[in-house]
$ cat target_2.cif   # mmCIF, C-alpha atoms
data_work
loop_
_atom_site.label_atom_id
_atom_site.label_comp_id
_atom_site.auth_asym_id
_atom_site.auth_seq_id
_atom_site.Cartn_x
_atom_site.Cartn_y
_atom_site.Cartn_z
CA MET X 1 0.00 0.00 0.00
CA LEU X 2 1.94 2.95 -1.33
CA ARG X 3 0.96 6.57 -1.42
CA ARG X 4 -1.53 7.33 -1.26
CA LEU X 5 -3.23 5.36 1.47
CA ALA X 6 -6.79 4.28 0.88
CA PRO X 7 -7.35 6.18 3.42
CA LEU X 8 -1.41 24.78 -16.93
CA VAL X 9 -6.65 26.10 -21.16
CA VAL X 10 -2.77 26.76 -20.30
CA LEU X 11 -2.77 30.38 -19.33
CA ILE X 12 0.92 30.50 -20.08
CA GLY X 13 1.17 28.71 -23.39
CA CYS X 14 2.40 25.29 -24.42
CA VAL X 15 6.18 25.02 -24.53
CA ALA X 16 8.01 22.14 -26.15
CA GLY X 17 9.83 19.82 -23.77
CA ASP X 18 13.03 17.85 -24.21
CA SER X 19 11.28 14.66 -25.29
CA LYS X 20 11.47 13.72 -28.94
CA SER X 21 7.82 12.68 -28.66
CA ARG X 22 6.69 16.14 -27.65
CA THR X 23 5.13 17.81 -30.65
CA SER X 24 2.08 20.01 -30.91
CA THR X 25 -0.92 18.13 -29.62
CA THR X 26 -4.55 18.39 -30.52
CA THR X 27 -7.36 19.18 -28.16
CA PRO X 28 -10.83 17.66 -28.56
CA ALA X 29 -13.21 20.12 -30.13
CA ASP X 30 -15.51 20.32 -27.13
CA THR X 31 -12.65 21.52 -24.89
CA ARG X 32 -11.92 24.40 -27.31
CA ARG X 33 -15.43 25.76 -27.31
CA THR X 34 -16.19 29.03 -25.63
CA VAL X 35 -17.60 28.45 -22.18
CA ALA X 36 -19.48 31.24 -20.44
CA PRO X 37 -18.04 32.31 -17.08
CA LEU X 38 -19.69 30.75 -14.05
CA PRO X 39 -21.38 33.05 -11.54
CA ASP X 40 -18.83 31.86 -8.98
CA SER X 41 -15.86 31.25 -11.25
CA ILE X 42 -12.44 32.52 -10.25
CA ARG X 43 -12.03 35.20 -12.92
CA ARG X 44 -10.74 37.77 -10.50
CA PRO X 45 -7.55 39.87 -10.22
CA PRO X 46 -4.47 37.84 -9.18
CA ALA X 47 -4.03 37.60 -5.41
CA PRO X 48 -0.75 38.34 -3.60
CA LEU X 49 1.53 35.39 -2.93
CA VAL X 50 3.31 34.24 0.24
CA SER X 51 7.09 33.90 0.20
CA PRO X 52 8.47 30.40 0.91
CA PRO X 53 9.54 30.00 4.55
CA ASP X 54 13.24 29.35 5.11
CA THR X 55 12.29 26.23 7.06
CA LEU X 56 9.02 24.64 5.95
CA ARG X 57 6.89 22.60 8.34
CA GLY X 58 3.60 21.60 6.85
CA LEU X 59 0.45 19.50 7.01
CA TYR X 60 -1.63 17.93 4.24
CA VAL X 61 -5.26 19.07 3.89
CA ASN X 62 -7.51 16.83 1.83
CA ARG X 63 -10.30 18.32 -0.28
CA TRP X 64 -13.07 17.26 2.09
CA ALA X 65 -11.27 18.82 5.05
CA ALA X 66 -10.72 21.99 3.04
CA ILE X 67 -14.40 22.46 2.23
CA GLY X 68 -15.51 21.75 5.82
CA SER X 69 -14.90 23.20 9.26
CA LYS X 70 -11.66 21.22 9.55
CA MET X 71 -9.97 23.82 7.37
CA TRP X 72 -10.29 26.52 10.01
CA GLU X 73 -9.15 24.11 12.72
CA LEU X 74 -5.96 23.41 10.77
CA ILE X 75 -5.34 27.11 10.16
CA ASP X 76 -5.76 27.70 13.90
CA LEU X 77 -3.36 24.82 14.60
CA ALA X 78 -0.78 26.43 12.32
CA LYS X 79 -1.26 29.77 14.06
CA ARG X 80 -0.44 28.17 17.43
CA THR X 81 2.37 25.78 16.51
CA GLU X 82 5.54 25.40 14.49
CA VAL X 83 3.47 24.57 11.38
CA ASN X 84 3.85 27.28 8.73
CA ALA X 85 2.51 25.62 5.57
CA LEU X 86 -0.61 23.75 4.44
CA VAL X 87 -0.72 21.49 1.37
CA ILE X 88 -4.28 21.72 0.06
CA ASP X 89 -5.88 19.47 -2.55
CA VAL X 90 -6.66 21.58 -5.62
CA LYS X 91 -7.21 18.46 -7.74
CA ASP X 92 -7.38 15.17 -5.87
CA ASP X 93 -6.77 11.57 -6.95
CA ARG X 94 -10.36 11.15 -8.12
CA GLY X 95 -10.02 14.11 -10.47
CA PHE X 96 -12.22 16.47 -8.43
CA MET X 97 -11.24 20.12 -8.22
CA LEU X 98 -11.48 22.27 -5.11
CA TYR X 99 -13.43 25.14 -6.68
CA ARG X 100 -15.42 26.12 -9.77
CA SER X 101 -12.95 26.49 -12.61
CA ASP X 102 -12.65 28.55 -15.78
CA ILE X 103 -10.62 25.79 -17.48
CA PRO X 104 -12.77 24.49 -20.36
CA LEU X 105 -11.66 20.86 -19.95
CA ALA X 106 -12.45 20.85 -16.22
CA ARG X 107 -15.86 22.32 -16.97
CA VAL X 108 -16.65 19.88 -19.81
CA ILE X 109 -15.87 16.78 -17.70
CA SER X 110 -17.57 18.26 -14.59
CA ALA X 111 -14.39 18.06 -12.52
CA ASP X 112 -15.48 21.14 -10.59
CA THR X 113 -19.08 20.25 -9.71
CA THR X 114 -18.72 17.96 -6.66
CA ARG X 115 -19.22 20.26 -3.67
CA PRO X 116 -16.94 23.00 -5.02
CA MET X 117 -15.67 25.64 -2.64
CA SER X 118 -17.13 29.09 -3.28
CA TYR X 119 -14.86 31.92 -4.38
CA LYS X 120 -15.79 33.83 -1.23
CA ARG X 121 -14.66 30.96 0.97
CA ILE X 122 -11.40 30.26 -0.85
CA ARG X 123 -10.63 33.96 -0.78
CA ALA X 124 -11.24 34.04 3.00
CA ILE X 125 -9.02 30.97 3.53
CA LEU X 126 -6.10 32.18 1.44
CA ASP X 127 -6.30 35.74 2.76
CA THR X 128 -6.27 34.44 6.34
CA MET X 129 -3.31 32.20 5.60
CA ARG X 130 -1.43 35.09 4.05
CA GLN X 131 -2.19 37.33 7.04
CA TYR X 132 -0.66 34.77 9.41
CA ARG X 133 2.23 33.89 7.06
CA ILE X 134 0.97 30.36 6.50
CA TYR X 135 2.34 29.19 3.19
CA PRO X 136 -0.40 27.84 0.84
CA ILE X 137 0.67 24.93 -1.38
CA ALA X 138 -1.57 23.57 -4.15
CA ARG X 139 -1.50 19.78 -4.45
CA ILE X 140 -2.35 18.70 -8.00
CA VAL X 141 -2.61 15.00 -8.84
CA VAL X 142 -1.49 14.24 -12.40
CA ALA X 143 -1.72 10.65 -13.71
CA LYS X 144 -4.25 9.21 -11.26
CA ASP X 145 -7.40 10.90 -12.50
CA PRO X 146 -10.13 8.33 -13.13
CA LEU X 147 -12.62 11.06 -13.98
CA LEU X 148 -10.58 12.43 -16.88
CA ALA X 149 -9.41 8.95 -17.93
CA ASP X 150 -13.04 7.85 -18.21
CA LYS X 151 -14.20 10.97 -20.05
CA ARG X 152 -11.17 11.05 -22.37
CA ARG X 153 -10.52 7.37 -22.96
CA GLU X 154 -8.07 8.14 -25.74
CA TRP X 155 -5.87 9.69 -23.02
CA ALA X 156 -6.01 6.60 -20.81
CA ILE X 157 -3.68 3.61 -20.60
CA HIS X 158 -4.97 0.82 -22.83
CA ARG X 159 -4.51 -2.94 -22.83
CA LYS X 160 -1.79 -4.58 -24.90
CA ASP X 161 -4.06 -7.48 -25.84
CA ASP X 162 -6.83 -5.17 -27.03
CA SER X 163 -5.89 -1.62 -27.96
CA THR X 164 -9.54 -0.58 -27.91
CA THR X 165 -9.94 -1.50 -24.23
CA VAL X 166 -8.86 0.75 -21.37
CA TRP X 167 -6.62 -0.84 -18.73
CA LEU X 168 -8.14 -0.87 -15.23
CA ASP X 169 -6.32 -0.96 -11.90
CA LYS X 170 -7.16 -3.31 -9.02
CA HIS X 171 -10.02 -1.03 -8.02
CA GLY X 172 -11.49 -1.15 -11.53
CA ARG X 173 -10.46 2.42 -12.36
CA PRO X 174 -8.64 3.74 -15.43
CA TRP X 175 -5.39 5.71 -15.27
CA LEU X 176 -4.19 8.48 -17.54
CA ASP X 177 -1.35 7.59 -19.90
CA PRO X 178 1.79 9.35 -18.57
CA THR X 179 3.25 9.47 -22.10
CA ASN X 180 0.47 11.81 -23.25
CA PRO X 181 1.51 15.51 -23.03
CA GLU X 182 -2.12 16.59 -22.71
CA ILE X 183 -2.45 15.32 -19.14
CA TRP X 184 0.58 17.35 -18.07
CA LYS X 185 -0.78 20.40 -19.89
CA TYR X 186 -4.05 20.00 -17.94
CA ALA X 187 -2.03 20.02 -14.71
CA ALA X 188 -0.31 23.18 -15.91
CA ASP X 189 -3.65 24.83 -16.67
CA ILE X 190 -4.84 24.08 -13.16
CA SER X 191 -1.57 25.42 -11.76
CA ALA X 192 -1.96 28.80 -13.48
CA GLU X 193 -5.46 29.14 -12.07
CA ALA X 194 -4.33 28.15 -8.56
CA VAL X 195 -1.47 30.65 -8.54
CA LYS X 196 -3.80 33.41 -9.66
CA LEU X 197 -5.93 32.60 -6.62
CA GLY X 198 -2.95 32.96 -4.29
CA PHE X 199 -1.49 29.46 -3.96
CA SER X 200 2.22 30.13 -3.67
CA GLU X 201 3.71 26.73 -4.50
CA LEU X 202 2.74 23.89 -6.84
CA GLN X 203 3.04 20.31 -5.63
CA PHE X 204 2.46 17.58 -8.22
CA ASP X 205 1.60 14.09 -7.04
CA TYR X 206 1.23 10.80 -8.94
CA VAL X 207 3.89 11.87 -11.43
CA ARG X 208 4.38 8.25 -12.39
CA PHE X 209 3.05 5.07 -13.91
CA PRO X 210 0.64 2.88 -11.88
CA ASP X 211 2.25 0.82 -9.10
CA GLU X 212 0.85 -2.57 -10.13
CA ASP X 213 3.31 -5.17 -11.40
CA ARG X 214 0.88 -6.61 -13.91
CA ILE X 215 0.73 -3.39 -15.91
CA ILE X 216 4.22 -4.09 -17.23
CA ASP X 217 2.73 -7.00 -19.21
CA GLU X 218 -0.75 -5.56 -19.71
CA GLY X 219 -0.33 -1.83 -20.34
CA ARG X 220 -0.12 -0.14 -23.73
CA TYR X 221 1.01 3.48 -24.03
CA ALA X 222 0.45 5.84 -26.93
CA LYS X 223 3.77 7.71 -27.01
CA MET X 224 6.57 5.62 -25.49
CA ASP X 225 8.65 6.16 -28.67
CA GLY X 226 11.27 3.66 -27.58
CA ARG X 227 11.84 5.29 -24.19
CA VAL X 228 12.05 3.53 -20.85
CA ARG X 229 9.55 4.56 -18.17
CA ALA X 230 12.04 6.69 -16.23
CA LYS X 231 12.90 8.66 -19.37
CA VAL X 232 9.20 9.31 -19.99
CA ILE X 233 8.75 10.74 -16.50
CA ARG X 234 11.93 12.80 -16.81
CA ASP X 235 10.76 14.24 -20.14
CA GLN X 236 7.25 15.00 -18.94
CA LEU X 237 8.48 16.67 -15.76
CA GLY X 238 10.74 18.83 -17.90
CA TYR X 239 7.78 19.74 -20.09
CA LEU X 240 5.61 20.57 -17.09
CA ARG X 241 8.39 22.64 -15.54
CA GLN X 242 8.64 24.78 -18.68
CA LEU X 243 4.90 25.33 -18.68
CA VAL X 244 4.72 26.49 -15.06
CA LYS X 245 8.00 28.42 -14.92
CA PRO X 246 6.40 31.74 -16.00
CA LEU X 247 4.13 31.56 -12.96
CA GLY X 248 7.10 32.46 -10.75
CA VAL X 249 6.46 29.95 -7.95
CA ARG X 250 8.22 26.77 -6.84
CA MET X 251 7.43 23.53 -8.64
CA THR X 252 7.63 20.48 -6.38
CA ILE X 253 6.98 16.77 -6.88
CA ASP X 254 6.00 13.90 -4.58
CA VAL X 255 7.91 10.65 -5.12
CA PHE X 256 7.98 7.23 -3.47
CA GLY X 257 10.22 7.23 -0.41
CA LEU X 258 12.04 4.10 -1.52
CA THR X 259 13.18 5.72 -4.78
CA ALA X 260 16.25 7.10 -2.98
CA THR X 261 17.28 3.56 -1.99
CA ASP X 262 16.05 1.39 -4.88
CA THR X 263 18.33 1.62 -7.92
CA THR X 264 15.56 0.77 -10.40
CA ASP X 265 12.56 2.87 -11.40
CA MET X 266 10.40 0.58 -9.19
CA GLY X 267 8.19 -0.09 -12.19
CA ILE X 268 6.65 3.38 -11.95
CA GLY X 269 9.17 5.50 -13.84
CA GLN X 270 10.65 7.18 -10.76
CA ARG X 271 14.42 6.82 -10.74
CA TRP X 272 16.12 9.19 -8.31
CA GLU X 273 18.94 10.50 -10.52
CA MET X 274 16.56 11.09 -13.44
CA MET X 275 14.10 13.29 -11.56
CA ILE X 276 16.04 15.06 -8.79
CA ASP X 277 16.92 17.90 -11.18
CA ARG X 278 13.43 18.19 -12.66
CA ALA X 279 11.83 20.28 -9.90
CA ASP X 280 12.69 22.96 -7.36
CA VAL X 281 11.78 20.65 -4.47
CA VAL X 282 11.49 16.85 -4.37
CA LEU X 283 9.44 15.37 -1.55
CA PRO X 284 10.14 11.67 -0.87
CA MET X 285 7.24 10.03 0.95
CA ASN X 286 9.28 8.47 3.74
CA TYR X 287 6.57 6.59 5.61
CA PRO X 288 8.16 3.87 7.77
CA SER X 289 5.05 1.72 7.35
CA HIS X 290 5.69 1.57 3.61
CA PHE X 291 9.15 0.02 3.89
CA ALA X 292 9.13 -3.78 3.65
CA PRO X 293 10.40 -5.99 6.49
CA GLY X 294 14.14 -6.37 6.20
CA THR X 295 14.72 -2.98 4.54
CA TYR X 296 17.90 -1.44 5.94
CA GLY X 297 18.34 -4.63 7.96
CA LEU X 298 15.32 -3.76 10.12
CA ALA X 299 12.86 -6.55 10.90
CA ASN X 300 10.02 -4.01 11.08
CA PRO X 301 10.95 -0.55 9.73
CA ASN X 302 7.59 0.76 10.93
CA ALA X 303 8.63 0.05 14.53
CA LYS X 304 11.91 1.92 14.03
CA PRO X 305 10.90 5.32 12.65
CA TYR X 306 14.11 7.08 13.69
CA GLU X 307 16.37 4.50 12.08
CA THR X 308 14.23 4.14 8.94
CA ILE X 309 14.09 7.86 8.24
CA GLY X 310 17.80 8.24 8.89
CA ARG X 311 18.74 5.54 6.39
CA ALA X 312 16.32 6.80 3.73
CA LEU X 313 17.63 10.36 3.98
CA GLU X 314 21.21 9.14 4.00
CA ASP X 315 20.58 7.44 0.65
CA ALA X 316 18.84 10.54 -0.73
CA THR X 317 21.80 12.71 0.22
CA ARG X 318 24.33 10.32 -1.24
CA ARG X 319 22.56 9.89 -4.56
CA THR X 320 21.95 13.62 -4.99
CA GLN X 321 25.60 14.62 -4.60
CA GLY X 322 27.23 15.85 -7.78
CA ILE X 323 23.99 16.32 -9.75
CA ALA X 324 23.83 19.81 -11.25
CA GLY X 325 20.62 21.68 -10.55
CA ALA X 326 19.46 19.17 -7.95
CA ALA X 327 16.28 20.04 -6.10
CA VAL X 328 15.93 20.80 -2.42
CA ILE X 329 14.75 17.68 -0.56
CA ILE X 330 11.86 18.00 1.89
CA PRO X 331 10.66 14.68 3.33
CA TRP X 332 7.11 13.62 4.04
CA TYR X 333 6.63 11.82 7.39
CA GLN X 334 3.71 9.72 8.51
CA ASP X 335 1.21 10.78 11.14
CA PHE X 336 -1.05 7.74 10.80
CA THR X 337 -1.07 4.12 11.92
CA LEU X 338 -0.66 1.30 9.40
CA GLY X 339 0.26 -1.89 11.19
CA PRO X 340 1.98 -2.12 14.57
CA PRO X 341 2.92 -0.10 16.49
CA ARG X 342 0.24 2.53 16.86
CA TYR X 343 1.72 5.89 15.90
CA THR X 344 1.59 8.57 18.59
CA ALA X 345 3.50 11.78 19.21
CA GLU X 346 6.53 9.67 20.11
CA GLN X 347 6.78 8.04 16.67
CA VAL X 348 6.00 11.28 14.81
CA ARG X 349 8.67 13.22 16.72
CA ALA X 350 11.15 10.37 16.19
CA GLN X 351 10.85 10.89 12.42
CA ILE X 352 11.24 14.64 12.74
CA ARG X 353 14.23 14.27 15.06
CA SER X 354 15.87 11.83 12.67
CA GLY X 355 15.45 14.33 9.85
CA TYR X 356 17.02 17.08 11.93
CA ASP X 357 19.95 14.82 12.83
CA SER X 358 20.42 14.12 9.12
CA GLY X 359 20.40 17.82 8.25
CA PHE X 360 16.80 18.08 7.00
CA MET X 361 15.08 20.85 8.94
CA SER X 362 11.95 21.07 6.76
CA TRP X 363 9.17 18.46 6.70
CA ILE X 364 5.50 17.83 5.92
CA LEU X 365 3.21 15.42 7.77
CA TRP X 366 0.74 13.19 5.94
CA ASN X 367 -2.50 11.91 7.36
CA PRO X 368 -5.05 10.85 4.71
CA GLY X 369 -7.93 12.19 6.80
CA SER X 370 -6.06 15.38 7.78
CA ARG X 371 -6.30 14.37 11.47
CA TYR X 372 -3.02 15.20 13.16
CA THR X 373 -1.37 14.39 16.46
CA VAL X 374 -1.38 17.83 18.04
CA GLU X 375 0.94 16.69 20.83
CA ALA X 376 3.64 16.05 18.22
CA LEU X 377 3.70 19.71 17.19
CA LYS X 378 5.73 22.22 19.13
CA ARG X 379 4.23 25.49 20.20
CA ASP X 380 5.69 28.51 18.45
CA SER X 381 6.26 31.27 20.98
CA ALA X 382 6.77 33.78 18.15
CA LYS X 383 3.19 33.39 16.92
#
$ encode --input "target_2.cif" --output "structure tokens"
Amino acid sequence: MLRRLAPLVVLIGCVAGDSKSRTSTTTPADTRRTVAPLPDSIRRPPAPLVSPPDTLRGLYVNRWAAIGSKMWELIDLAKRTEVNALVIDVKDDRGFMLYRSDIPLARVISADTTRPMSYKRIRAILDTMRQYRIYPIARIVVAKDPLLADKRREWAIHRKDDSTTVWLDKHGRPWLDPTNPEIWKYAADISAEAVKLGFSELQFDYVRFPDEDRIIDEGRYAKMDGRVRAKVIRDQLGYLRQLVKPLGVRMTIDVFGLTATDTTDMGIGQRWEMMIDRADVVLPMNYPSHFAPGTYGLANPNAKPYETIGRALEDATRRTQGIAGAAVIIPWYQDFTLGPPRYTAEQVRAQIRSGYDSGFMSWILWNPGSRYTVEALKRDSAK
């Protein structure tokens, strides 16, 4: 069970990437049509941004938490503690957007119609965060978008044994084809809209192929063009980076925590040396519960959070050395229980302490339900 637990119309233009497969792409006619502005759409003047904190300490906020009362509780928690950043779902792993959008494709596939946040509310949230210097980060899921994959089946992964049939994961859901530039352009469109609202950093998740072994034999991709999976992801990240660069904010990517230790692409196209220079920040998801028994010589890495984090970050440091333009590394830590032992403030702080001892002062905590162990967070006397 790897991240995540069960529980940019580009406003900036399409720029060619470094992949030989990246040529001008076509857009279905119904996504080019003129769409009248929504009464509550976000066509408003750009909002001011928040500067990145020197040391970032954040929490993940899922879309349901963001649209409910939990959002204000998490803002209040950040006001009282060392937390100074919130990672908020702008497009989640079901393809749903946080708010009503002016992006034609999002409108056509109804990505923005499932309990969207009103402009008034999102303005209040982002203005409050800016007032208290809480850094707003937009999380945008890329390849795991069953809504778009179902509505645009020509953009989905297909089956090798029947090119007319869409490949389905173990939950019976389609995935977008990572070789298709259009899905990265859609992420860039969403990014431009989010930055205009006031989100001050872009965090892209699921920048990979599906993590099911059988897809290696079953999956068919439209634009592999002789490339290996890791080269596809490298090329597409480079393309996405060019698209979002004019927005003037940091581009960050979430990657499997084990990618810093495993020397392969883990079957998902994430090979450390081929992506560490493709973003401003790389965030390895270092959840001790996700490391198999025996990793690093530990019988149960989940029961040894300090040791597990230390070894993972040691590998990340070693494999990043000497790479020109390498990203800053900010680790994700787990604040949830998955198998024994039950995670409390002790286990959460052990991860944070291990990061500090390894020279990593910034971190973000992940809890799929956005329910955090308050006792693990230090009070900030300066707030």
$ closest_atom_pairs --input "target_2.cif" --of "segment 337-360 of chain X" --to "segment 322-333 of chain X" --cutoff "9 Å" --atoms "all atoms listed in the file" --output "JSON lines"
{"residue": "X:Val348", "atom": "CA", "partner": "X:Tyr333", "partner_atom": "CA", "distance": 7.5}
{"residue": "X:Gln351", "atom": "CA", "partner": "X:Tyr333", "partner_atom": "CA", "distance": 6.6}
{"residue": "X:Ile352", "atom": "CA", "partner": "X:Tyr333", "partner_atom": "CA", "distance": 7.6}
{"residue": "X:Gly355", "atom": "CA", "partner": "X:Pro331", "partner_atom": "CA", "distance": 8.1}
{"residue": "X:Phe360", "atom": "CA", "partner": "X:Ile330", "partner_atom": "CA", "distance": 7.1}
$ atom_distance --input "target_2.cif" --atom1 "atom CA of Asp145 of chain X" --atom2 "atom CA of Arg371 of chain X"
24.2 Å
$ residues_around --input "target_2.cif" --residues "segment 287-291 of chain X" --least-positions-apart "3" --cutoff "6 Å" --atoms "all atoms listed in the file" --output "PyMOL selection string"
chain X and resi 301-302+305+333-334
$ closest_residue --input "target_2.cif" --among "X:Glu73, X:Asp92, X:Glu182, X:Asp265" --to "Arg234 of chain X" --atoms "all atoms listed in the file"
X:Asp265
$ residues_near_point --input "target_2.cif" --point "(-2.4, 17.5, -6.8)" --cutoff "9 Å" --atoms "only C-alpha atoms" --output "list of chain:residue names"
X:Ile88, X:Asp89, X:Val90, X:Lys91, X:Asp92, X:Asp93, X:Ala138, X:Arg139, X:Ile140, X:Val141, X:Val142, X:Ala187, X:Leu202, X:Gln203, X:Phe204, X:Asp205, X:Tyr206
$ atom_distance --input "target_2.cif" --atom1 "atom CA of Gly95 of chain X" --atom2 "atom CA of Pro146 of chain X"
6.4 Å
